[in-house]
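Colleague: Take this structure, written in structure tokens, and hold onto it; I'll ask about it next.
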Amino acid sequence: MLDSVEAVDLTQLNAVAAGTNKKTPRIVAAGLGGKLMGTKSLVDATAEEISKQSLQDFAKITGQQRKEEGAASTVDKDSKLHISEQPWNANNWWKHINWLNFILVVAVPLYGLYHACIYIPPVKTLVMAFILYVFSGISITAGYHRLWAHKAYDAALPVRLFFAFFGAGAVEGSIKWWGHSHRIHHRYTDTHRDPYDARRGFWYSHMGWMLQIANPKYKARADISDLTSDWIIRVQHRHYLLFMVLSAVVFPTVVAGLGWGDWWGGFIWGGLVKAFVIQQATFCVNSLAHWIGTQPFDDRRTPRDHALTALVTFGEGYHNFHHEFPSDYRNALKWYQYDPTKVTIWALSKLGLAYNLRTFSQNAIEQGLLQQQQKKLDRLKHKLSWGTPVDELPVWDRDTFNAKGKENGLLIVSGIVYDVKKFIGQHPGGQALVRASLGKDATTAFNGGVYAHSNAAHNLLAGMRIAVIKDAEVHGNTFAVQELYMGKKKDI
């Protein structure tokens with residue numbers, strides 16, 4: 001008797017996935033900058049807590065949760081609910097709102113948009129604002145996202161410094177915070193632990209998740225030891241507020257002010273408006289990319305591919321591909337699909353500033369495409385009638401068939417009894433042949449001995465099954481039998 005195989009330790013694996021099994025330097029953003037990184041209670045989770053909750057979630061999915069577990073998870077009516085679990089009303093609505101994020105992504109941008117409407121700057125300022133928009137946008141997609149969050153490639157020091165500085169100007173948090181949240185998103189896509197859970201609606205995944213106080217019950221962690229080992233990430237996180245102000249506000253204001261005297265335009269257009277547009281573009285990856293488009297690789301989860309999303313997100317719109325192959329430096333596979341981030345990374349590699357560009361094999365990609373196409377075909381096939389399944393047919397012996405066959409319009413093809421009586425008059429040109437086959441085994445004649453029938457004819461025949469012959473060689477796919485027969489015939 002073989003020894004039993006040891007099962008994996010779920011807690012140990014969760015510790016590995018969350019990075020709690022490693023001793024890594026704790027990086028704390030100074031002062032107000034620390035509060036810009038989100039709620040600590042959402043990531044302050046142990047491997048044991050994650051494992052316990054994962055088992056409970058798995059039990060719910062598989063329907064195996066015991067009644068006592070369900071009772072234990074029921075919230076005590078007498079206990080105090082977290083604000084996120086309380087309904088909104090006139091007395092507590094203000095408690096539901098993350099006011100710091102509200103100021104950063106709503107109040108300040110509205111202030112900037114208002115002044116942008118009443119102040120039209122020189123063309124030089126608009127050009128500078130667009131350039132900074134590209135710099136910060138690419139720093140998020142090529143830097144924060146593909147370089148650091150997914151390790152899709154490696155970059156030289158100047159590139160990493162560029163991404164760290166201009167990425168801070170997007171006002172989306174530090175590399176460490178952004179990368180950690182994004183890894184949690186991939187680990188827990190479309191679950192309560194997904195920071196921007198698309199199942200909760202377009203608005204929630206776009207901005208609502210930042211503007212509402214999150215439920216600490218759904219805390220989660222991901223391993224970011226590789227991020228904290230990078231001195232650039234450590235410095236940027238520790239001094240994020242300084243980097244954010246310098247990149248988002250001071251830099252464009254000084255450039256426009258010293259360059260052509262437009263201090264106010266640099267502040268409004270190069271600073272506030274630019275940051276607002278980049279934020280909204282990034283938010284579209286969480287919302288629009290989970291809402292419109294196709295799912296050529298997997299439809300079990302919400303990510304989708306769409307050219308419009310790619311257009312507004314620097315090429316991040318082929319999101320279904322990205323969630324299936326997250327460490328691929330590309331989002332768009334086709335040459336004509338818009339993905340300036342991919343082109344930027346490729347161009348940097350040609351200049352020697354990026355290397356180890358990671359891609360999934362074409363075989364793996366085509367496997368995913370084929371499997372999804374097969375799922376769609378299977379769904380369509382399930383909607384059609386293909387006759388009674390062979391394993392559900394009654395079994396007759398040959399004496400039973402001989403007694404019923406000719407008089408009842410029955411014949412045998414590949415070990416299956418078919419009732420063709422009602423079809424005889426509809427047969428296109430072979431009525432006499434069908435009548436001559438009644439009560440007999442017509443396998444050879446049907447499969448090319450007299451006629452090589454079309455695929456439609458085989459499908460039509462399948463709808464006439466009524467029984468199988470005991471101890472016979474039964475083949476429900478008569479078309480495949482005919483193909484085999486015709487192939488053998490060619491060899492004769």
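Order determines the names: the first chain of the structure tokens is A, the second B, and so forth; residues in each chain are numbered 1 upward, and ligands are numbered 1 upward as they are shown.
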Determine, using only C-alpha atoms, which residues of region 222-328 of chain A have any atom at most 12 Å from an atom of region 192-207 of chain A, and tabulate each with its shortest atom pair and distance in Å to one decimal place, rows ordered by chain and then rising number, as CSV.

Modeller:
```
residue,atom,partner,partner_atom,distance
A:Ala222,CA,A:Arg193,CA,11.4
A:Gln279,CA,A:Met207,CA,9.7
A:Gln280,CA,A:His206,CA,8.2
A:Ala281,CA,A:His206,CA,9.8
A:Thr282,CA,A:His206,CA,8.8
A:Phe283,CA,A:His206,CA,5.0
A:Cys284,CA,A:His206,CA,6.2
A:Val285,CA,A:His206,CA,8.1
A:Asn286,CA,A:Ser205,CA,5.6
A:Ser287,CA,A:His206,CA,4.8
A:Leu288,CA,A:Phe202,CA,7.4
A:Ala289,CA,A:Ala198,CA,9.6
A:His290,CA,A:Ala198,CA,6.5
A:Trp291,CA,A:Phe202,CA,7.2
A:Ile292,CA,A:Phe202,CA,10.4
A:Arg301,CA,A:Ala198,CA,9.4
A:Thr302,CA,A:Ala198,CA,7.0
A:Pro303,CA,A:Ala198,CA,8.8
A:Arg304,CA,A:Ala198,CA,11.5
```

Colleague: Write out as a list in words which residues come within 12 Å of Ile118 (chain A) when counting only C-alpha atoms, dropping same-chain ones fewer than 2 positions away.

Modeller: Tyr111, Gly112, Leu113, Tyr114, His115, Ala116, Ile120, Pro121, Trp264, Gly265, Ile268 and Trp269 of chain A

Colleague: Output C-alpha atoms for every residue in the selection just made, as a short mmCIF file (atom, residue, chain, number, x, y, z; two decimals), in the first residue's frame.

Modeller:
```cif
data_model
loop_
_atom_site.label_atom_id
_atom_site.label_comp_id
_atom_site.auth_asym_id
_atom_site.auth_seq_id
_atom_site.Cartn_x
_atom_site.Cartn_y
_atom_site.Cartn_z
CA TYR A 111 -11.09 73.51 -8.21
CA GLY A 112 -8.64 73.02 -11.07
CA LEU A 113 -11.37 72.39 -13.66
CA TYR A 114 -13.25 75.51 -12.57
CA HIS A 115 -10.22 77.72 -13.06
CA ALA A 116 -9.33 75.92 -16.29
CA ILE A 120 -7.16 79.84 -21.23
CA PRO A 121 -3.35 79.68 -21.08
CA TRP A 264 -0.95 80.31 -12.92
CA GLY A 265 -1.40 78.30 -16.12
CA ILE A 268 -3.78 74.88 -13.08
CA TRP A 269 -3.22 73.15 -16.44
#
```

Colleague: I'd like to know which residues of region 59-211 of chain A are helix (DSSP H, G or I) (by DSSP, run on the backbone); could you write them as an mmCIF file with C-alpha atoms, in the first residue's frame?

Modeller:
```
data_model
loop_
_atom_site.group_PDB
_atom_site.id
_atom_site.type_symbol
_atom_site.label_atom_id
_atom_site.label_comp_id
_atom_site.auth_asym_id
_atom_site.auth_seq_id
_atom_site.Cartn_x
_atom_site.Cartn_y
_atom_site.Cartn_z
ATOM 1 C CA ALA A 59 -16.805 26.320 1.555
ATOM 2 C CA LYS A 60 -19.457 28.811 0.470
ATOM 3 C CA ILE A 61 -18.506 28.433 -3.187
ATOM 4 C CA THR A 62 -18.578 24.645 -3.081
ATOM 5 C CA LYS A 67 -24.552 24.977 9.451
ATOM 6 C CA GLU A 68 -22.539 25.727 12.536
ATOM 7 C CA GLU A 69 -19.954 27.586 10.456
ATOM 8 C CA GLY A 70 -22.712 29.604 8.868
ATOM 9 C CA ALA A 71 -24.148 30.421 12.270
ATOM 10 C CA ALA A 72 -20.731 31.410 13.571
ATOM 11 C CA SER A 73 -20.205 33.802 10.675
ATOM 12 C CA ILE A 83 -19.522 51.957 9.302
ATOM 13 C CA SER A 84 -19.116 50.292 5.882
ATOM 14 C CA GLU A 85 -21.761 47.729 6.905
ATOM 15 C CA TRP A 93 -23.423 59.704 5.586
ATOM 16 C CA TRP A 94 -20.349 61.776 6.375
ATOM 17 C CA LYS A 95 -18.813 58.850 8.276
ATOM 18 C CA TRP A 99 -12.470 62.693 3.233
ATOM 19 C CA LEU A 100 -8.738 62.789 2.455
ATOM 20 C CA ASN A 101 -9.282 60.918 -0.804
ATOM 21 C CA PHE A 102 -12.343 63.061 -1.501
ATOM 22 C CA ILE A 103 -10.181 66.156 -1.320
ATOM 23 C CA LEU A 104 -7.478 64.666 -3.557
ATOM 24 C CA VAL A 105 -9.631 63.133 -6.320
ATOM 25 C CA VAL A 106 -12.768 65.312 -6.205
ATOM 26 C CA ALA A 107 -12.356 68.677 -4.470
ATOM 27 C CA VAL A 108 -8.919 69.655 -5.790
ATOM 28 C CA PRO A 109 -9.663 68.502 -9.377
ATOM 29 C CA LEU A 110 -12.971 70.418 -9.337
ATOM 30 C CA TYR A 111 -11.089 73.512 -8.211
ATOM 31 C CA GLY A 112 -8.643 73.022 -11.073
ATOM 32 C CA LEU A 113 -11.368 72.385 -13.658
ATOM 33 C CA TYR A 114 -13.250 75.508 -12.569
ATOM 34 C CA HIS A 115 -10.220 77.721 -13.062
ATOM 35 C CA ALA A 116 -9.327 75.915 -16.289
ATOM 36 C CA CYS A 117 -12.735 76.958 -17.651
ATOM 37 C CA ILE A 118 -12.144 80.628 -16.916
ATOM 38 C CA VAL A 123 -0.266 77.369 -26.291
ATOM 39 C CA LYS A 124 3.138 76.701 -24.687
ATOM 40 C CA THR A 125 1.426 75.886 -21.395
ATOM 41 C CA LEU A 126 -1.025 73.512 -23.072
ATOM 42 C CA VAL A 127 1.836 71.745 -24.861
ATOM 43 C CA MET A 128 3.747 71.433 -21.581
ATOM 44 C CA ALA A 129 0.634 70.105 -19.820
ATOM 45 C CA PHE A 130 0.173 67.471 -22.531
ATOM 46 C CA ILE A 131 3.826 66.414 -22.336
ATOM 47 C CA LEU A 132 3.603 66.071 -18.551
ATOM 48 C CA TYR A 133 0.350 64.162 -18.995
ATOM 49 C CA VAL A 134 2.207 61.683 -21.215
ATOM 50 C CA PHE A 135 5.154 61.517 -18.823
ATOM 51 C CA SER A 136 2.975 60.809 -15.784
ATOM 52 C CA GLY A 137 0.624 58.500 -17.655
ATOM 53 C CA ILE A 138 3.437 56.368 -19.037
ATOM 54 C CA SER A 139 5.090 56.394 -15.617
ATOM 55 C CA ILE A 140 1.955 54.759 -14.201
ATOM 56 C CA THR A 141 1.379 52.208 -16.974
ATOM 57 C CA ALA A 142 4.977 51.339 -17.917
ATOM 58 C CA GLY A 143 6.421 52.011 -14.465
ATOM 59 C CA TYR A 144 4.025 51.481 -11.573
ATOM 60 C CA HIS A 145 2.063 48.810 -13.417
ATOM 61 C CA ARG A 146 4.123 46.739 -15.816
ATOM 62 C CA LEU A 147 7.609 47.320 -14.380
ATOM 63 C CA TRP A 148 6.991 47.183 -10.642
ATOM 64 C CA ALA A 149 3.588 45.599 -9.974
ATOM 65 C CA LEU A 157 18.296 53.333 -13.186
ATOM 66 C CA PRO A 158 17.483 56.507 -15.197
ATOM 67 C CA VAL A 159 14.189 54.993 -16.356
ATOM 68 C CA ARG A 160 13.211 53.946 -12.843
ATOM 69 C CA LEU A 161 14.029 57.404 -11.469
ATOM 70 C CA PHE A 162 11.963 58.997 -14.240
ATOM 71 C CA PHE A 163 8.964 56.753 -13.524
ATOM 72 C CA ALA A 164 9.223 57.282 -9.765
ATOM 73 C CA PHE A 165 9.255 61.089 -10.078
ATOM 74 C CA PHE A 166 6.616 61.617 -12.753
ATOM 75 C CA GLY A 167 4.500 58.747 -11.437
ATOM 76 C CA ALA A 168 4.207 60.611 -8.150
ATOM 77 C CA ILE A 175 4.865 52.750 -5.994
ATOM 78 C CA LYS A 176 4.767 50.531 -2.926
ATOM 79 C CA TRP A 177 1.127 51.270 -2.096
ATOM 80 C CA TRP A 178 -0.015 51.183 -5.736
ATOM 81 C CA GLY A 179 1.832 47.943 -6.506
ATOM 82 C CA HIS A 180 0.557 46.228 -3.370
ATOM 83 C CA SER A 181 -3.061 47.196 -4.052
ATOM 84 C CA HIS A 182 -2.753 46.044 -7.644
ATOM 85 C CA ARG A 183 -1.300 42.679 -6.695
ATOM 86 C CA ILE A 184 -4.186 42.191 -4.272
ATOM 87 C CA HIS A 185 -6.553 43.055 -7.135
ATOM 88 C CA HIS A 186 -5.050 40.301 -9.277
ATOM 89 C CA ARG A 187 -4.968 37.809 -6.420
ATOM 90 C CA ALA A 198 -16.117 45.354 -10.352
ATOM 91 C CA ARG A 199 -19.083 43.285 -9.184
ATOM 92 C CA ARG A 200 -20.151 46.251 -7.043
ATOM 93 C CA PHE A 202 -19.143 50.745 -12.500
ATOM 94 C CA TRP A 203 -19.095 53.721 -10.119
ATOM 95 C CA TYR A 204 -17.655 51.743 -7.217
ATOM 96 C CA SER A 205 -14.796 50.270 -9.250
ATOM 97 C CA HIS A 206 -14.104 53.642 -10.882
ATOM 98 C CA MET A 207 -13.956 55.932 -7.856
ATOM 99 C CA GLY A 208 -16.315 54.757 -5.152
ATOM 100 C CA TRP A 209 -13.815 52.380 -3.607
ATOM 101 C CA MET A 210 -11.527 55.321 -2.795
ATOM 102 C CA LEU A 211 -14.230 57.673 -1.590
#
```

Colleague: Calculate how many Å separate CA of Pro326 (chain A) from CA of Val312 (chain A), rounding to one decimal.

Modeller: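 That distance, rounded to one decimal, is 19.7 Å.
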
Colleague: Can you check which residues of region 166-328 of chain A DSSP gives as strand (DSSP E or B) on the backbone and send them as a list in words?

Modeller: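 Secondary structure check on region 166-328 of chain A, strand (DSSP E or B): Gln212, Thr294, Asp305 and Tyr318 of chain A.
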
Colleague: Please write the residues from the selection above to a file, keeping N, CA and C atoms, as a PDB file, in the first residue's frame.

Modeller:
```
ATOM      1  N   GLN A 212     -15.154  55.811  -0.309  1.00  0.00           N
ATOM      2  CA  GLN A 212     -15.867  55.227   0.815  1.00  0.00           C
ATOM      3  C   GLN A 212     -14.886  54.583   1.799  1.00  0.00           C
ATOM      4  N   THR A 294     -14.832  42.577 -25.176  1.00  0.00           N
ATOM      5  CA  THR A 294     -14.913  41.129 -25.368  1.00  0.00           C
ATOM      6  C   THR A 294     -14.036  40.406 -24.355  1.00  0.00           C
ATOM      7  N   ASP A 305     -11.551  43.212 -23.095  1.00  0.00           N
ATOM      8  CA  ASP A 305     -10.707  43.895 -24.078  1.00  0.00           C
ATOM      9  C   ASP A 305     -11.566  44.864 -24.889  1.00  0.00           C
ATOM     10  N   TYR A 318      -6.655  46.251 -23.137  1.00  0.00           N
ATOM     11  CA  TYR A 318      -6.784  44.825 -23.480  1.00  0.00           C
ATOM     12  C   TYR A 318      -6.621  44.040 -22.183  1.00  0.00           C
TER      13      TYR A 318
END
```

Colleague: So how far away is CA of Pro340 (chain A) from CA of Phe321 (chain A), in Å?

Modeller: 16.1 Å

Colleague: Report the closest atom pair, with its distance in Å rounded to one decimal, for each residue of region 204-318 of chain A that has an atom no farther than 12 Å from region 351-369 of chain A; count only C-alpha atoms, sort by chain and then rising residue number, and write it as a tab-separated table.

Modeller:
```
residue	atom	partner	partner_atom	distance
A:Thr294	CA	A:Leu369	CA	11.9
A:Gln295	CA	A:Leu369	CA	9.4
A:Pro296	CA	A:Leu369	CA	5.9
A:Phe297	CA	A:Leu369	CA	5.1
A:Asp298	CA	A:Gly368	CA	7.5
A:Asp299	CA	A:Gly368	CA	11.0
```

Colleague: What gap, in Å, lies between CA of Ala248 (chain A) and CA of Ala170 (chain A)?

Modeller: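 A separation of 6.6 Å between them.
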
Colleague: Could you name the residues that touch Gly169 (chain A) at 8 Å or less, counting only C-alpha atoms, but leaving out those on the same chain fewer than 4 positions away, as a list in words?

Modeller: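 These residues fall inside the cut-off: Ser136, Phe165, Phe243, Met244, Val245, Leu246, Ser247, Ala248, Val249 and Ala275 of chain A.
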
Colleague: Those same residues, written as a compact mmCIF listing (two decimals), in the first residue's frame with C-alpha atoms?

Modeller:
```txt
# COMPACT_ATOMS: atom_id res chain seq x y z
CA SER A 136 2.98 60.81 -15.78
CA PHE A 165 9.26 61.09 -10.08
CA PHE A 243 7.58 63.88 -4.35
CA MET A 244 3.87 64.30 -5.11
CA VAL A 245 3.87 68.06 -4.50
CA LEU A 246 7.12 68.59 -6.41
CA SER A 247 6.07 66.53 -9.42
CA ALA A 248 2.36 67.34 -9.60
CA VAL A 249 2.42 71.05 -8.69
CA ALA A 275 -3.37 65.05 -12.56
```

Colleague: Restricting the calculation to only C-alpha atoms: of A:Trp231, A:Phe267, A:Tyr451, A:Tyr119, which residue gets closest to Tyr485 (chain A)?

Modeller: A:Tyr451
